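Visitor: The file below is target-v6.cif, mmCIF, C-alpha atoms:
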```cif
data_target
#
loop_
_atom_site.label_atom_id
_atom_site.label_comp_id
_atom_site.auth_asym_id
_atom_site.auth_seq_id
_atom_site.Cartn_x
_atom_site.Cartn_y
_atom_site.Cartn_z
CA MET A 227 3.34 17.46 4.00
CA PRO A 228 2.31 17.42 6.69
CA HIS A 229 -1.00 19.14 6.60
CA LEU A 230 -3.84 19.27 9.03
CA VAL A 231 -7.37 19.88 7.75
CA ILE A 232 -10.14 20.87 10.15
CA LEU A 233 -13.77 20.32 9.13
CA TYR A 234 -16.33 21.74 11.55
CA SER A 235 -19.92 22.72 11.97
CA GLY A 236 -20.43 26.30 10.82
CA ASN A 237 -21.99 27.39 14.11
CA LEU A 238 -18.45 27.56 15.55
CA ASP A 239 -17.75 30.53 13.26
CA ARG A 240 -20.37 32.64 15.01
CA PRO A 241 -19.28 35.39 17.42
CA ILE A 242 -17.90 33.88 20.61
CA ALA A 243 -20.83 35.23 22.63
CA GLN A 244 -23.10 33.17 20.38
CA GLY A 245 -21.22 29.91 20.75
CA GLY A 246 -18.42 30.51 18.29
CA THR A 247 -14.69 30.04 18.77
CA ASN A 248 -11.51 31.66 17.52
CA MET A 249 -10.63 29.15 14.85
CA SER A 250 -7.69 31.18 13.52
CA ALA A 251 -6.10 30.98 16.96
CA LEU A 252 -6.68 27.24 17.02
CA CYS A 253 -5.00 26.88 13.61
CA ARG A 254 -1.93 28.74 14.87
CA GLY A 255 -1.87 26.74 18.09
CA LEU A 256 -2.05 23.47 16.20
CA ALA A 257 0.72 24.51 13.80
CA ASP A 258 2.90 25.34 16.80
CA ALA A 259 1.98 22.03 18.41
CA MET A 260 3.04 20.21 15.24
CA LEU A 261 6.34 22.06 15.21
CA SER A 262 6.99 21.03 18.81
CA VAL A 263 6.81 17.28 18.10
CA ARG A 264 10.09 15.38 18.45
CA ASP A 265 10.89 11.79 17.53
CA GLU A 266 12.66 9.18 19.68
CA GLN A 267 16.01 10.82 18.87
CA GLU A 268 14.68 14.29 19.81
CA ARG A 269 14.68 15.40 16.19
CA GLN A 270 11.91 17.70 14.97
CA VAL A 271 9.32 15.59 13.13
CA PHE A 272 7.57 18.16 10.93
CA PRO A 273 9.62 20.60 8.83
CA ILE A 274 8.71 24.21 9.50
CA GLY A 275 8.36 25.09 5.82
CA GLY A 276 5.95 22.21 5.27
CA THR A 277 3.60 22.68 8.21
CA ARG A 278 0.09 23.83 7.29
CA VAL A 279 -3.30 23.96 8.97
CA LEU A 280 -6.47 24.70 6.98
CA ALA A 281 -9.90 25.09 8.60
CA TYR A 282 -13.28 24.78 6.89
CA PRO A 283 -16.66 25.62 8.39
CA ALA A 284 -19.41 23.53 6.82
CA ALA A 285 -22.12 25.54 5.07
CA HIS A 286 -24.70 22.90 6.01
CA TRP A 287 -24.58 20.15 8.59
CA ALA A 288 -26.56 17.65 10.63
CA ILE A 289 -25.34 16.20 13.91
CA SER A 290 -26.71 13.30 15.90
CA ASP A 291 -30.43 13.63 16.71
CA GLY A 292 -30.51 17.28 15.66
CA GLY A 293 -30.74 18.69 19.17
CA ALA A 294 -33.55 16.99 21.07
CA ALA A 295 -31.41 15.15 23.61
CA GLY A 296 -29.41 18.27 24.45
CA GLU A 297 -32.56 20.32 24.86
CA ALA A 298 -34.03 17.67 27.12
CA VAL A 299 -31.15 17.93 29.61
CA GLY A 300 -30.85 21.72 29.47
CA LYS A 301 -27.61 21.74 27.46
CA GLY A 302 -29.25 23.17 24.35
CA GLY A 303 -29.69 21.66 20.94
CA ASP A 304 -27.01 23.66 19.12
CA TYR A 305 -24.57 20.78 18.79
CA ALA A 306 -21.10 21.35 17.40
CA PHE A 307 -18.58 19.04 15.77
CA VAL A 308 -14.91 19.40 14.91
CA TYR A 309 -13.03 16.84 12.84
CA LEU A 310 -9.27 17.22 12.63
CA ASN A 311 -7.34 15.12 10.14
CA LEU A 312 -3.57 15.19 9.93
CA ARG A 313 -2.06 13.63 6.83
CA MET A 314 1.61 12.91 7.27
CA GLY A 315 4.28 11.10 5.29
CA ARG A 316 4.68 7.34 5.42
CA GLY A 317 7.25 5.49 7.44
CA ARG A 318 7.12 7.12 10.86
CA SER A 319 7.03 4.92 13.94
CA ALA A 320 3.93 4.28 15.99
CA ALA A 321 5.61 6.24 18.79
CA VAL A 322 5.85 9.31 16.56
CA HIS A 323 2.21 8.97 15.55
CA GLU A 324 1.31 8.83 19.22
CA ARG A 325 3.44 11.84 20.13
CA ALA A 326 2.01 13.91 17.30
CA GLY A 327 -1.53 12.86 18.17
CA ARG A 328 -1.15 13.65 21.86
CA ALA A 329 0.38 17.07 21.14
CA LEU A 330 -2.50 17.98 18.86
CA GLU A 331 -5.11 16.53 21.18
CA ALA A 332 -3.76 18.54 24.11
CA MET A 333 -4.09 21.76 22.11
CA VAL A 334 -7.62 20.88 21.00
CA LEU A 335 -8.72 20.08 24.54
CA GLN A 336 -7.20 23.29 25.87
CA HIS A 337 -8.88 25.34 23.16
CA PHE A 338 -12.32 23.80 23.69
CA GLU A 339 -12.08 23.40 27.47
CA ASP A 340 -15.02 25.73 28.12
CA GLN A 341 -17.15 24.51 25.23
CA ILE A 342 -16.86 20.87 26.17
CA LYS A 343 -18.28 21.76 29.59
CA SER A 344 -21.02 24.05 28.39
CA ARG A 345 -22.49 22.50 25.24
CA PRO A 346 -22.75 19.20 23.39
CA ILE A 347 -19.68 19.10 21.18
CA GLY A 348 -17.72 16.27 19.55
CA LEU A 349 -13.98 16.57 18.90
CA THR A 350 -12.40 13.88 16.74
CA LEU A 351 -8.74 13.84 15.78
CA GLN A 352 -7.27 11.30 13.40
CA ILE A 353 -3.88 10.90 11.80
CA ASP A 354 -3.50 9.21 8.43
CA GLU A 355 -0.33 8.19 6.68
CA GLY A 356 -0.60 9.43 3.12
CA PRO A 357 -1.30 6.51 0.73
CA GLU A 358 -0.40 8.59 -2.34
CA VAL A 359 0.72 6.93 -5.57
CA PHE A 360 2.10 10.22 -6.91
CA ASP A 361 3.56 13.12 -5.01
CA ALA A 362 4.96 16.41 -6.31
CA LYS A 363 5.98 19.32 -4.15
CA ASN A 364 7.02 22.73 -5.37
CA SER A 365 7.68 25.45 -2.88
CA SER A 366 9.22 28.86 -2.43
CA LEU A 367 8.46 28.51 1.26
CA HIS A 368 10.69 25.57 2.17
CA PRO A 369 13.86 27.36 0.97
CA LEU A 370 13.32 30.06 3.59
CA PHE A 371 14.20 27.46 6.18
CA SER A 372 16.76 25.31 4.42
CA LYS A 373 20.16 25.16 5.97
CA ASN A 374 23.15 26.05 3.84
CA MET B 94 -16.96 8.39 13.59
CA PRO B 95 -18.77 7.94 11.42
CA HIS B 96 -18.88 11.11 9.45
CA LEU B 97 -20.15 11.91 6.02
CA VAL B 98 -18.62 14.79 4.08
CA ILE B 99 -20.37 16.21 1.02
CA LEU B 100 -18.37 18.19 -1.53
CA TYR B 101 -20.43 19.78 -4.28
CA SER B 102 -20.43 22.37 -7.00
CA GLY B 103 -21.43 25.75 -5.57
CA ASN B 104 -24.25 26.24 -8.09
CA LEU B 105 -26.33 23.87 -5.94
CA ASP B 106 -26.39 26.54 -3.20
CA ARG B 107 -28.32 28.94 -5.42
CA PRO B 108 -32.03 29.51 -4.80
CA ILE B 109 -34.03 26.46 -5.83
CA ALA B 110 -35.66 28.37 -8.70
CA GLN B 111 -32.16 28.91 -10.09
CA GLY B 112 -31.06 25.29 -9.92
CA GLY B 113 -30.16 25.07 -6.24
CA THR B 114 -31.20 22.47 -3.71
CA ASN B 115 -31.95 22.37 0.01
CA MET B 116 -28.62 20.97 1.16
CA SER B 117 -29.47 21.33 4.87
CA ALA B 118 -32.44 19.05 4.34
CA LEU B 119 -30.23 16.55 2.56
CA CYS B 120 -27.77 16.58 5.47
CA ARG B 121 -30.57 15.80 7.91
CA GLY B 122 -31.99 13.12 5.65
CA LEU B 123 -28.60 11.46 5.32
CA ALA B 124 -27.99 11.57 9.07
CA ASP B 125 -31.36 9.89 9.59
CA ALA B 126 -30.51 7.34 6.91
CA MET B 127 -27.28 6.53 8.71
CA LEU B 128 -29.11 6.11 11.99
CA SER B 129 -31.51 3.66 10.33
CA VAL B 130 -28.80 1.21 9.26
CA ARG B 131 -28.79 -2.17 11.03
CA ASP B 132 -26.24 -4.95 10.87
CA GLU B 133 -26.89 -8.68 10.30
CA GLN B 134 -28.02 -9.02 13.92
CA GLU B 135 -30.37 -6.04 13.59
CA ARG B 136 -28.16 -3.89 15.80
CA GLN B 137 -27.82 -0.16 15.01
CA VAL B 138 -24.54 0.35 13.14
CA PHE B 139 -23.85 4.05 13.75
CA PRO B 140 -24.07 5.50 17.27
CA ILE B 141 -26.43 8.45 17.49
CA GLY B 142 -23.93 10.65 19.33
CA GLY B 143 -21.28 10.05 16.69
CA THR B 144 -23.28 10.62 13.53
CA ARG B 145 -22.34 13.77 11.60
CA VAL B 146 -22.89 15.14 8.12
CA LEU B 147 -20.97 18.18 6.86
CA ALA B 148 -21.60 19.78 3.45
CA TYR B 149 -19.25 22.06 1.52
CA PRO B 150 -20.07 24.04 -1.63
CA ALA B 151 -16.96 24.56 -3.74
CA ALA B 152 -16.07 28.21 -4.31
CA HIS B 153 -14.67 27.33 -7.74
CA TRP B 154 -15.18 24.28 -9.89
CA ALA B 155 -14.88 22.77 -13.35
CA ILE B 156 -16.93 19.81 -14.53
CA SER B 157 -16.51 17.68 -17.63
CA ASP B 158 -16.40 19.71 -20.86
CA GLY B 159 -17.64 22.87 -19.13
CA GLY B 160 -21.12 22.79 -20.59
CA ALA B 161 -20.97 22.40 -24.35
CA ALA B 162 -22.47 18.90 -24.57
CA GLY B 163 -25.38 19.82 -22.30
CA GLU B 164 -26.08 22.97 -24.28
CA ALA B 165 -26.01 20.98 -27.49
CA VAL B 166 -28.81 18.67 -26.38
CA GLY B 167 -30.91 21.41 -24.75
CA LYS B 168 -30.14 20.32 -21.17
CA GLY B 169 -28.11 23.44 -20.42
CA GLY B 170 -24.45 23.77 -19.58
CA ASP B 171 -24.82 24.43 -15.87
CA TYR B 172 -23.55 21.03 -14.76
CA ALA B 173 -23.64 20.04 -11.12
CA PHE B 174 -21.66 17.50 -9.12
CA VAL B 175 -22.10 16.03 -5.65
CA TYR B 176 -19.50 13.83 -4.02
CA LEU B 177 -20.47 12.09 -0.79
CA ASN B 178 -17.81 10.35 1.25
CA LEU B 179 -18.62 8.39 4.38
CA ARG B 180 -15.68 7.50 6.57
CA MET B 181 -16.52 4.77 9.03
CA GLY B 182 -14.60 2.64 11.50
CA ARG B 183 -12.69 -0.43 10.45
CA GLY B 184 -13.84 -3.98 10.84
CA ARG B 185 -17.42 -3.94 9.58
CA SER B 186 -18.59 -6.65 7.21
CA ALA B 187 -19.07 -6.14 3.49
CA ALA B 188 -22.78 -6.62 4.11
CA VAL B 189 -22.82 -3.66 6.49
CA HIS B 190 -20.96 -1.51 3.98
CA GLU B 191 -23.54 -2.46 1.38
CA ARG B 192 -26.48 -1.72 3.67
CA ALA B 193 -25.07 1.65 4.67
CA GLY B 194 -24.29 2.52 1.07
CA ARG B 195 -27.72 1.56 -0.21
CA ALA B 196 -29.47 3.52 2.55
CA LEU B 197 -27.48 6.65 1.73
CA GLU B 198 -27.83 6.17 -2.01
CA ALA B 199 -31.61 5.86 -1.71
CA MET B 200 -31.78 9.17 0.17
CA VAL B 201 -29.54 10.88 -2.39
CA LEU B 202 -31.60 9.60 -5.32
CA GLN B 203 -34.83 10.69 -3.66
CA HIS B 204 -33.44 14.14 -2.91
CA PHE B 205 -32.13 14.70 -6.45
CA GLU B 206 -34.94 12.91 -8.27
CA ASP B 207 -36.04 16.05 -10.13
CA GLN B 208 -32.55 17.37 -10.81
CA ILE B 209 -31.29 14.13 -12.32
CA LYS B 210 -34.14 14.35 -14.84
CA SER B 211 -33.82 18.03 -15.62
CA ARG B 212 -30.11 18.82 -15.75
CA PRO B 213 -26.71 17.18 -16.18
CA ILE B 214 -25.67 16.19 -12.66
CA GLY B 215 -23.29 13.59 -11.28
CA LEU B 216 -23.87 11.96 -7.89
CA THR B 217 -21.05 9.85 -6.50
CA LEU B 218 -21.17 8.13 -3.13
CA GLN B 219 -18.23 6.28 -1.65
CA ILE B 220 -17.59 4.67 1.70
CA ASP B 221 -14.07 4.42 3.09
CA GLU B 222 -12.90 2.53 6.14
CA GLY B 223 -10.73 4.89 8.13
CA PRO B 224 -7.03 3.97 7.77
CA GLU B 225 -6.02 6.14 10.74
CA VAL B 226 -2.82 5.44 12.67
CA PHE B 227 -3.95 7.61 15.58
CA ASP B 228 -7.46 8.28 16.80
CA ALA B 229 -8.65 10.45 19.68
CA LYS B 230 -12.24 11.27 20.43
CA ASN B 231 -13.48 13.69 23.07
CA SER B 232 -17.14 14.45 23.28
CA SER B 233 -19.80 15.99 25.46
CA LEU B 234 -22.31 14.79 22.88
CA HIS B 235 -21.92 11.03 23.18
CA PRO B 236 -22.75 11.04 26.91
CA LEU B 237 -26.23 12.40 26.12
CA PHE B 238 -27.01 9.03 24.62
CA SER B 239 -25.03 6.63 26.78
CA LYS B 240 -27.00 4.07 28.66
CA ASN B 241 -26.60 3.87 32.43
CA MET C 160 -14.33 9.41 -10.46
CA PRO C 161 -11.93 10.90 -10.96
CA HIS C 162 -12.15 14.03 -8.95
CA LEU C 163 -9.58 16.58 -7.97
CA VAL C 164 -10.07 18.60 -4.78
CA ILE C 165 -8.03 21.73 -4.15
CA LEU C 166 -7.65 23.02 -0.60
CA TYR C 167 -5.88 26.36 -0.30
CA SER C 168 -5.20 29.28 1.97
CA GLY C 169 -7.98 31.85 1.64
CA ASN C 170 -5.59 34.70 0.82
CA LEU C 171 -5.43 33.31 -2.73
CA ASP C 172 -9.07 34.34 -3.21
CA ARG C 173 -8.22 38.02 -2.81
CA PRO C 174 -8.09 40.28 -5.85
CA ILE C 175 -5.05 39.48 -7.98
CA ALA C 176 -3.47 42.86 -7.16
CA GLN C 177 -3.55 41.80 -3.51
CA GLY C 178 -1.93 38.43 -3.99
CA GLY C 179 -4.90 36.45 -5.19
CA THR C 180 -5.18 34.16 -8.18
CA ASN C 181 -7.86 33.14 -10.68
CA MET C 182 -8.80 29.83 -9.10
CA SER C 183 -11.71 29.24 -11.50
CA ALA C 184 -9.27 29.38 -14.40
CA LEU C 185 -6.99 26.93 -12.61
CA CYS C 186 -9.91 24.53 -12.11
CA ARG C 187 -10.70 24.61 -15.82
CA GLY C 188 -7.05 24.22 -16.76
CA LEU C 189 -6.69 21.21 -14.48
CA ALA C 190 -9.86 19.59 -15.83
CA ASP C 191 -8.48 20.02 -19.35
CA ALA C 192 -5.13 18.62 -18.23
CA MET C 193 -6.91 15.56 -16.84
CA LEU C 194 -8.78 15.07 -20.08
CA SER C 195 -5.50 15.16 -22.02
CA VAL C 196 -3.94 12.21 -20.16
CA ARG C 197 -3.41 9.06 -22.22
CA ASP C 198 -2.35 5.61 -21.07
CA GLU C 199 0.36 3.40 -22.61
CA GLN C 200 -2.03 2.46 -25.43
CA GLU C 201 -2.88 6.12 -26.11
CA ARG C 202 -6.38 5.69 -24.70
CA GLN C 203 -7.92 8.57 -22.74
CA VAL C 204 -7.57 7.81 -19.03
CA PHE C 205 -10.31 9.97 -17.50
CA PRO C 206 -13.83 9.90 -18.94
CA ILE C 207 -15.09 13.34 -19.87
CA GLY C 208 -18.40 12.94 -18.05
CA GLY C 209 -16.65 11.95 -14.84
CA THR C 210 -13.97 14.64 -14.65
CA ARG C 211 -14.48 17.15 -11.84
CA VAL C 212 -12.38 19.75 -10.07
CA LEU C 213 -13.59 21.41 -6.86
CA ALA C 214 -11.66 24.19 -5.10
CA TYR C 215 -12.02 25.30 -1.47
CA PRO C 216 -10.47 28.37 0.13
CA ALA C 217 -9.86 27.80 3.84
CA ALA C 218 -11.70 30.24 6.11
CA HIS C 219 -8.84 30.06 8.62
CA TRP C 220 -5.29 28.82 8.24
CA ALA C 221 -1.80 28.79 9.69
CA ILE C 222 1.31 28.14 7.61
CA SER C 223 4.84 27.46 8.75
CA ASP C 224 6.20 30.09 11.17
CA GLY C 225 3.36 32.49 10.41
CA GLY C 226 5.43 34.88 8.33
CA ALA C 227 8.57 35.88 10.22
CA ALA C 228 11.09 34.19 7.92
CA GLY C 229 9.51 35.67 4.79
CA GLU C 230 9.46 39.14 6.32
CA ALA C 231 13.10 38.78 7.30
CA VAL C 232 14.20 38.21 3.71
CA GLY C 233 11.91 40.83 2.17
CA LYS C 234 9.51 38.29 0.62
CA GLY C 235 6.66 39.21 2.94
CA GLY C 236 4.90 37.13 5.55
CA ASP C 237 1.70 36.47 3.62
CA TYR C 238 2.44 32.83 2.91
CA ALA C 239 0.15 30.81 0.66
CA PHE C 240 -0.47 27.09 0.33
CA VAL C 241 -2.26 24.99 -2.25
CA TYR C 242 -2.95 21.30 -1.77
CA LEU C 243 -4.26 19.37 -4.76
CA ASN C 244 -5.54 15.85 -4.28
CA LEU C 245 -6.69 13.69 -7.16
CA ARG C 246 -8.64 10.59 -6.22
CA MET C 247 -8.81 8.14 -9.07
CA GLY C 248 -10.01 4.58 -9.51
CA ARG C 249 -7.92 1.61 -8.54
CA GLY C 250 -5.93 -0.53 -10.88
CA ARG C 251 -4.10 1.93 -13.09
CA SER C 252 -0.41 1.41 -13.78
CA ALA C 253 2.35 3.41 -12.12
CA ALA C 254 3.05 4.89 -15.54
CA VAL C 255 -0.48 6.26 -15.74
CA HIS C 256 -0.19 7.73 -12.25
CA GLU C 257 3.02 9.42 -13.32
CA ARG C 258 1.53 10.77 -16.54
CA ALA C 259 -1.50 12.14 -14.76
CA GLY C 260 0.65 13.66 -12.03
CA ARG C 261 3.04 15.32 -14.45
CA ALA C 262 0.18 16.75 -16.55
CA LEU C 263 -1.42 18.28 -13.47
CA GLU C 264 1.88 19.49 -12.04
CA ALA C 265 2.75 21.24 -15.30
CA MET C 266 -0.56 23.13 -15.22
CA VAL C 267 -0.07 24.09 -11.56
CA LEU C 268 3.46 25.35 -12.18
CA GLN C 269 2.36 27.35 -15.20
CA HIS C 270 -0.52 28.89 -13.26
CA PHE C 271 1.60 29.87 -10.26
CA GLU C 272 4.76 30.75 -12.20
CA ASP C 273 4.71 34.37 -11.06
CA GLN C 274 3.63 33.66 -7.50
CA ILE C 275 6.33 31.10 -6.87
CA LYS C 276 8.91 33.75 -7.78
CA SER C 277 7.35 36.61 -5.85
CA ARG C 278 6.09 35.18 -2.57
CA PRO C 279 6.52 32.22 -0.25
CA ILE C 280 4.04 29.63 -1.52
CA GLY C 281 3.85 25.87 -1.22
CA LEU C 282 2.24 23.73 -3.94
CA THR C 283 1.64 20.08 -3.13
CA LEU C 284 -0.02 17.63 -5.51
CA GLN C 285 -0.84 14.09 -4.56
CA ILE C 286 -2.73 11.32 -6.28
CA ASP C 287 -4.55 8.66 -4.28
CA GLU C 288 -6.16 5.49 -5.53
CA GLY C 289 -9.60 5.34 -3.98
CA PRO C 290 -9.71 2.72 -1.19
CA GLU C 291 -13.51 2.69 -1.10
CA VAL C 292 -15.45 -0.30 0.21
CA PHE C 293 -18.67 0.90 -1.39
CA ASP C 294 -19.15 2.90 -4.54
CA ALA C 295 -22.34 4.13 -6.19
CA LYS C 296 -22.51 6.48 -9.13
CA ASN C 297 -25.64 8.01 -10.57
CA SER C 298 -25.34 10.54 -13.31
CA SER C 299 -27.25 12.38 -15.98
CA LEU C 300 -23.93 13.83 -17.10
CA HIS C 301 -22.14 10.70 -18.26
CA PRO C 302 -24.87 9.81 -20.78
CA LEU C 303 -24.17 13.05 -22.66
CA PHE C 304 -20.87 11.50 -23.71
CA SER C 305 -21.70 7.83 -24.05
CA LYS C 306 -21.24 6.32 -27.42
CA ASN C 307 -24.16 4.57 -29.07
#
```
Just give me the structure as structure tokens.
Guide:
Amino acid sequence: MPHLVILYSGNLDRPIAQGGTNMSALCRGLADAMLSVRDEQERQVFPIGGTRVLAYPAAHWAISDGGAAGEAVGKGGDYAFVYLNLRMGRGRSAAVHERAGRALEAMVLQHFEDQIKSRPIGLTLQIDEGPEVFDAKNSSLHPLFSKN
Amino acid sequence: MPHLVILYSGNLDRPIAQGGTNMSALCRGLADAMLSVRDEQERQVFPIGGTRVLAYPAAHWAISDGGAAGEAVGKGGDYAFVYLNLRMGRGRSAAVHERAGRALEAMVLQHFEDQIKSRPIGLTLQIDEGPEVFDAKNSSLHPLFSKN
Amino acid sequence: MPHLVILYSGNLDRPIAQGGTNMSALCRGLADAMLSVRDEQERQVFPIGGTRVLAYPAAHWAISDGGAAGEAVGKGGDYAFVYLNLRMGRGRSAAVHERAGRALEAMVLQHFEDQIKSRPIGLTLQIDEGPEVFDAKNSSLHPLFSKN
């Protein structure tokens, strides 16, 4: 933990000239945004060795009315959708949730600034606290960053 | 919100003659089913601009015993599995959950009517109320449907 | 239910000589591990017809610092990450959660024994109890295993 999973309509994986976006760059930007979050005592919230972003284009999708309303207003019917879900550990304050959410939202809005103007696109970001009843972590990544 | 995510065994993306299905058509059918749901006051439950269905074939999978029981009864060992998860906003009544669930289930059963007769397949549909601790939505899609 | 979903960095789908792994074998191993779990009365916990594992390589991802720390210590910067999430029905004891978790964790550690020594990789396993507000199952798979 934490990890951020992005589910999105597959049309965003097209070449940029055809309405796509650089999703790898967004993943990196979001990981960096996560690493920048500080709590009320200015401590880093997310450990560097445990920060992960995974992005998944849907193979099939259906959005809203399928395109008619966008066509009717000259915005086109090739709707896009991005759902970002951050799952983080339990017990953080509401202020930390808000800081994390705003940092991620700012990166998402910057990344999609042009798209949100030019096409119908929905961007939803949600943070969940993990409700797990069992949790096991094994890592050869964390130790790279552990302090001696 | 709401969004419906479909996770399924990748064998369902094969050509229909080889046991596949038209998953894009199912996505559209499920989006339409969501848009048809009404609450106890006959109001539309899911906003058109916020209705999304995303479908993901697994790249790798393992189901049940791997095929032996199906082979043994002449049904074949190429099992399939479809998991549909609708995440919707908090605060709806149990009756609305039931109506939404039954509308989606009816579409799923219609779509897989032939497959459920001809092969071993599992179809599981669940609705969750989002437990999010942070929620941010930005959309150029919703405004296409907002009333003035 | 139950189902286990594996989300992982796409570099693990490369040929094994290039850092990949046999994810199909892991899926089968985890399904078998699930089927081996017994409760306090030695009853099988997960029904054979309802046991599913689905694995998804991310198309895009970002992990930790992106590789610098691994490069610096000669472990390489091609980090990997595997997130395993089992969703099971409500109402099982904490002891059953622990047994299921340990059975799955043992399989994961065996599968990635070499990788965890040779590269920076994070392996996270979590079990959730399904919080669903609606649940519908239809299956032509379960009946293959039902007792008369």
Visitor: Could you pull the residues within 12 Å of Met182 of chain C, counting only C-alpha atoms, minus those fewer than 2 positions along the same chain, as an mmCIF file with C-alpha atoms, in the frame of the given file?
Guide:
```cif
data_model
loop_
_atom_site.group_PDB
_atom_site.id
_atom_site.type_symbol
_atom_site.label_atom_id
_atom_site.label_comp_id
_atom_site.auth_asym_id
_atom_site.auth_seq_id
_atom_site.Cartn_x
_atom_site.Cartn_y
_atom_site.Cartn_z
ATOM 1 C CA ALA B 151 -16.960 24.560 -3.740
ATOM 2 C CA ALA B 152 -16.070 28.210 -4.310
ATOM 3 C CA HIS B 153 -14.670 27.330 -7.740
ATOM 4 C CA TRP B 154 -15.180 24.280 -9.890
ATOM 5 C CA ALA B 155 -14.880 22.770 -13.350
ATOM 6 C CA ILE C 165 -8.030 21.730 -4.150
ATOM 7 C CA LEU C 166 -7.650 23.020 -0.600
ATOM 8 C CA TYR C 167 -5.880 26.360 -0.300
ATOM 9 C CA SER C 168 -5.200 29.280 1.970
ATOM 10 C CA GLY C 169 -7.980 31.850 1.640
ATOM 11 C CA ASN C 170 -5.590 34.700 0.820
ATOM 12 C CA LEU C 171 -5.430 33.310 -2.730
ATOM 13 C CA ASP C 172 -9.070 34.340 -3.210
ATOM 14 C CA ARG C 173 -8.220 38.020 -2.810
ATOM 15 C CA PRO C 174 -8.090 40.280 -5.850
ATOM 16 C CA ILE C 175 -5.050 39.480 -7.980
ATOM 17 C CA GLY C 179 -4.900 36.450 -5.190
ATOM 18 C CA THR C 180 -5.180 34.160 -8.180
ATOM 19 C CA ALA C 184 -9.270 29.380 -14.400
ATOM 20 C CA LEU C 185 -6.990 26.930 -12.610
ATOM 21 C CA CYS C 186 -9.910 24.530 -12.110
ATOM 22 C CA ARG C 187 -10.700 24.610 -15.820
ATOM 23 C CA GLY C 188 -7.050 24.220 -16.760
ATOM 24 C CA LEU C 189 -6.690 21.210 -14.480
ATOM 25 C CA VAL C 212 -12.380 19.750 -10.070
ATOM 26 C CA LEU C 213 -13.590 21.410 -6.860
ATOM 27 C CA ALA C 214 -11.660 24.190 -5.100
ATOM 28 C CA TYR C 215 -12.020 25.300 -1.470
ATOM 29 C CA PRO C 216 -10.470 28.370 0.130
ATOM 30 C CA VAL C 241 -2.260 24.990 -2.250
ATOM 31 C CA VAL C 267 -0.070 24.090 -11.560
ATOM 32 C CA HIS C 270 -0.520 28.890 -13.260
ATOM 33 C CA PHE C 271 1.600 29.870 -10.260
#
```
Visitor: Excluding Leu367 of chain A and residues on its chain fewer than 3 positions from it, collect all residues at most 8 Å away from it, counting all atoms listed in the file, and give them as a VMD selection string.
Guide: (chain A and resid 275 to 276 370 to 371) or (chain C and resid 238 279 to 281)
Visitor: Given the file shown, determine the residues that the PyMOL selection byres ((chain A and resi 261) around 8) selects; report them as a compact mmCIF listing (two decimals) with C-alpha atoms, in the frame of the given file.
Guide:
```
# COMPACT_ATOMS: atom_id res chain seq x y z
CA ALA A 257 0.72 24.51 13.80
CA ASP A 258 2.90 25.34 16.80
CA ALA A 259 1.98 22.03 18.41
CA MET A 260 3.04 20.21 15.24
CA SER A 262 6.99 21.03 18.81
CA VAL A 263 6.81 17.28 18.10
CA GLN A 270 11.91 17.70 14.97
CA VAL A 271 9.32 15.59 13.13
CA PHE A 272 7.57 18.16 10.93
CA PRO A 273 9.62 20.60 8.83
CA ILE A 274 8.71 24.21 9.50
CA THR A 277 3.60 22.68 8.21
```
Visitor: For segment 288-298 of chain A, take all atoms listed in the file, fit an axis-aligned box around them, add 6 Å to each of the six sides, then output centre and edge lengths in Å rounded to one decimal, as JSON.
Guide:
```
{"center_x": -29.7, "center_y": 16.8, "center_z": 18.9, "size_x": 20.7, "size_y": 19.0, "size_z": 28.5}
```
Visitor: If you count only C-alpha atoms, which residues fall within 6 Å of segment 228-235 of chain C, apart from same-chain ones fewer than 2 positions away, as a ChimeraX atom specification?
Guide: /C:226,237,278
Visitor: Hey, what comes out of the PyMOL selection byres ((chain C and resi 250) around 12) on this file? Could you write it as a PyMOL selection string?
Guide: (chain A and resi 359) or (chain C and resi 204+247-249+251-256+287-290)
Visitor: If you measure from atom CA of His162 of chain C to atom CA of Asn244 of chain C, what distance in Å do you get, rounded to one decimal?
Guide: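 That distance, rounded to one decimal, is 8.3 Å.
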Visitor: Go through C:Ser223, C:Ser305, C:Gln274, C:Ser298 and flag the residue nearest chain A, using only C-alpha atoms for the distances.
Guide: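 Among the listed residues, C:Ser223 lies closest to chain A.
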Visitor: Of the residues C:Gln269, C:Gln285, C:Ser299, C:Gln177, which is the one nearest to chain B, using all atoms listed in the file?
Guide: C:Ser299
Visitor: Report, in Å to a single decimal, how far apart atom CA of Arg197 of chain C and atom CA of Asn181 of chain C are.
Guide: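 Between atom CA of Asn181 of chain C and atom CA of Arg197 of chain C the gap is 27.1 Å.
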Visitor: What separation in Å, quoted to one decimal, exists between atom CA of Thr350 of chain A and atom CA of Lys230 of chain B?
Guide: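 The value is 4.5 Å.
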Visitor: Between B:Ala199, B:Ile220, B:Ala229, B:Leu179, which one has atoms that come closest to chain A, using only C-alpha atoms?
Guide: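 The closest residue to chain A is B:Ala229.
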Visitor: Which is closest to chain B among A:Asp265, A:Asp340, A:Asp291, A:Asp361, if we use all atoms listed in the file?
Guide: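 Using all atoms listed in the file, the shortest distance to chain B belongs to A:Asp291.
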Visitor: Kindly indicate which residue among B:His235, B:Ile156, B:Leu97, B:Glu206 lies nearest to chain C, using all atoms listed in the file for the distances.
Guide: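 Residue with the minimum atom-to-atom distance to chain C: B:Ile156.
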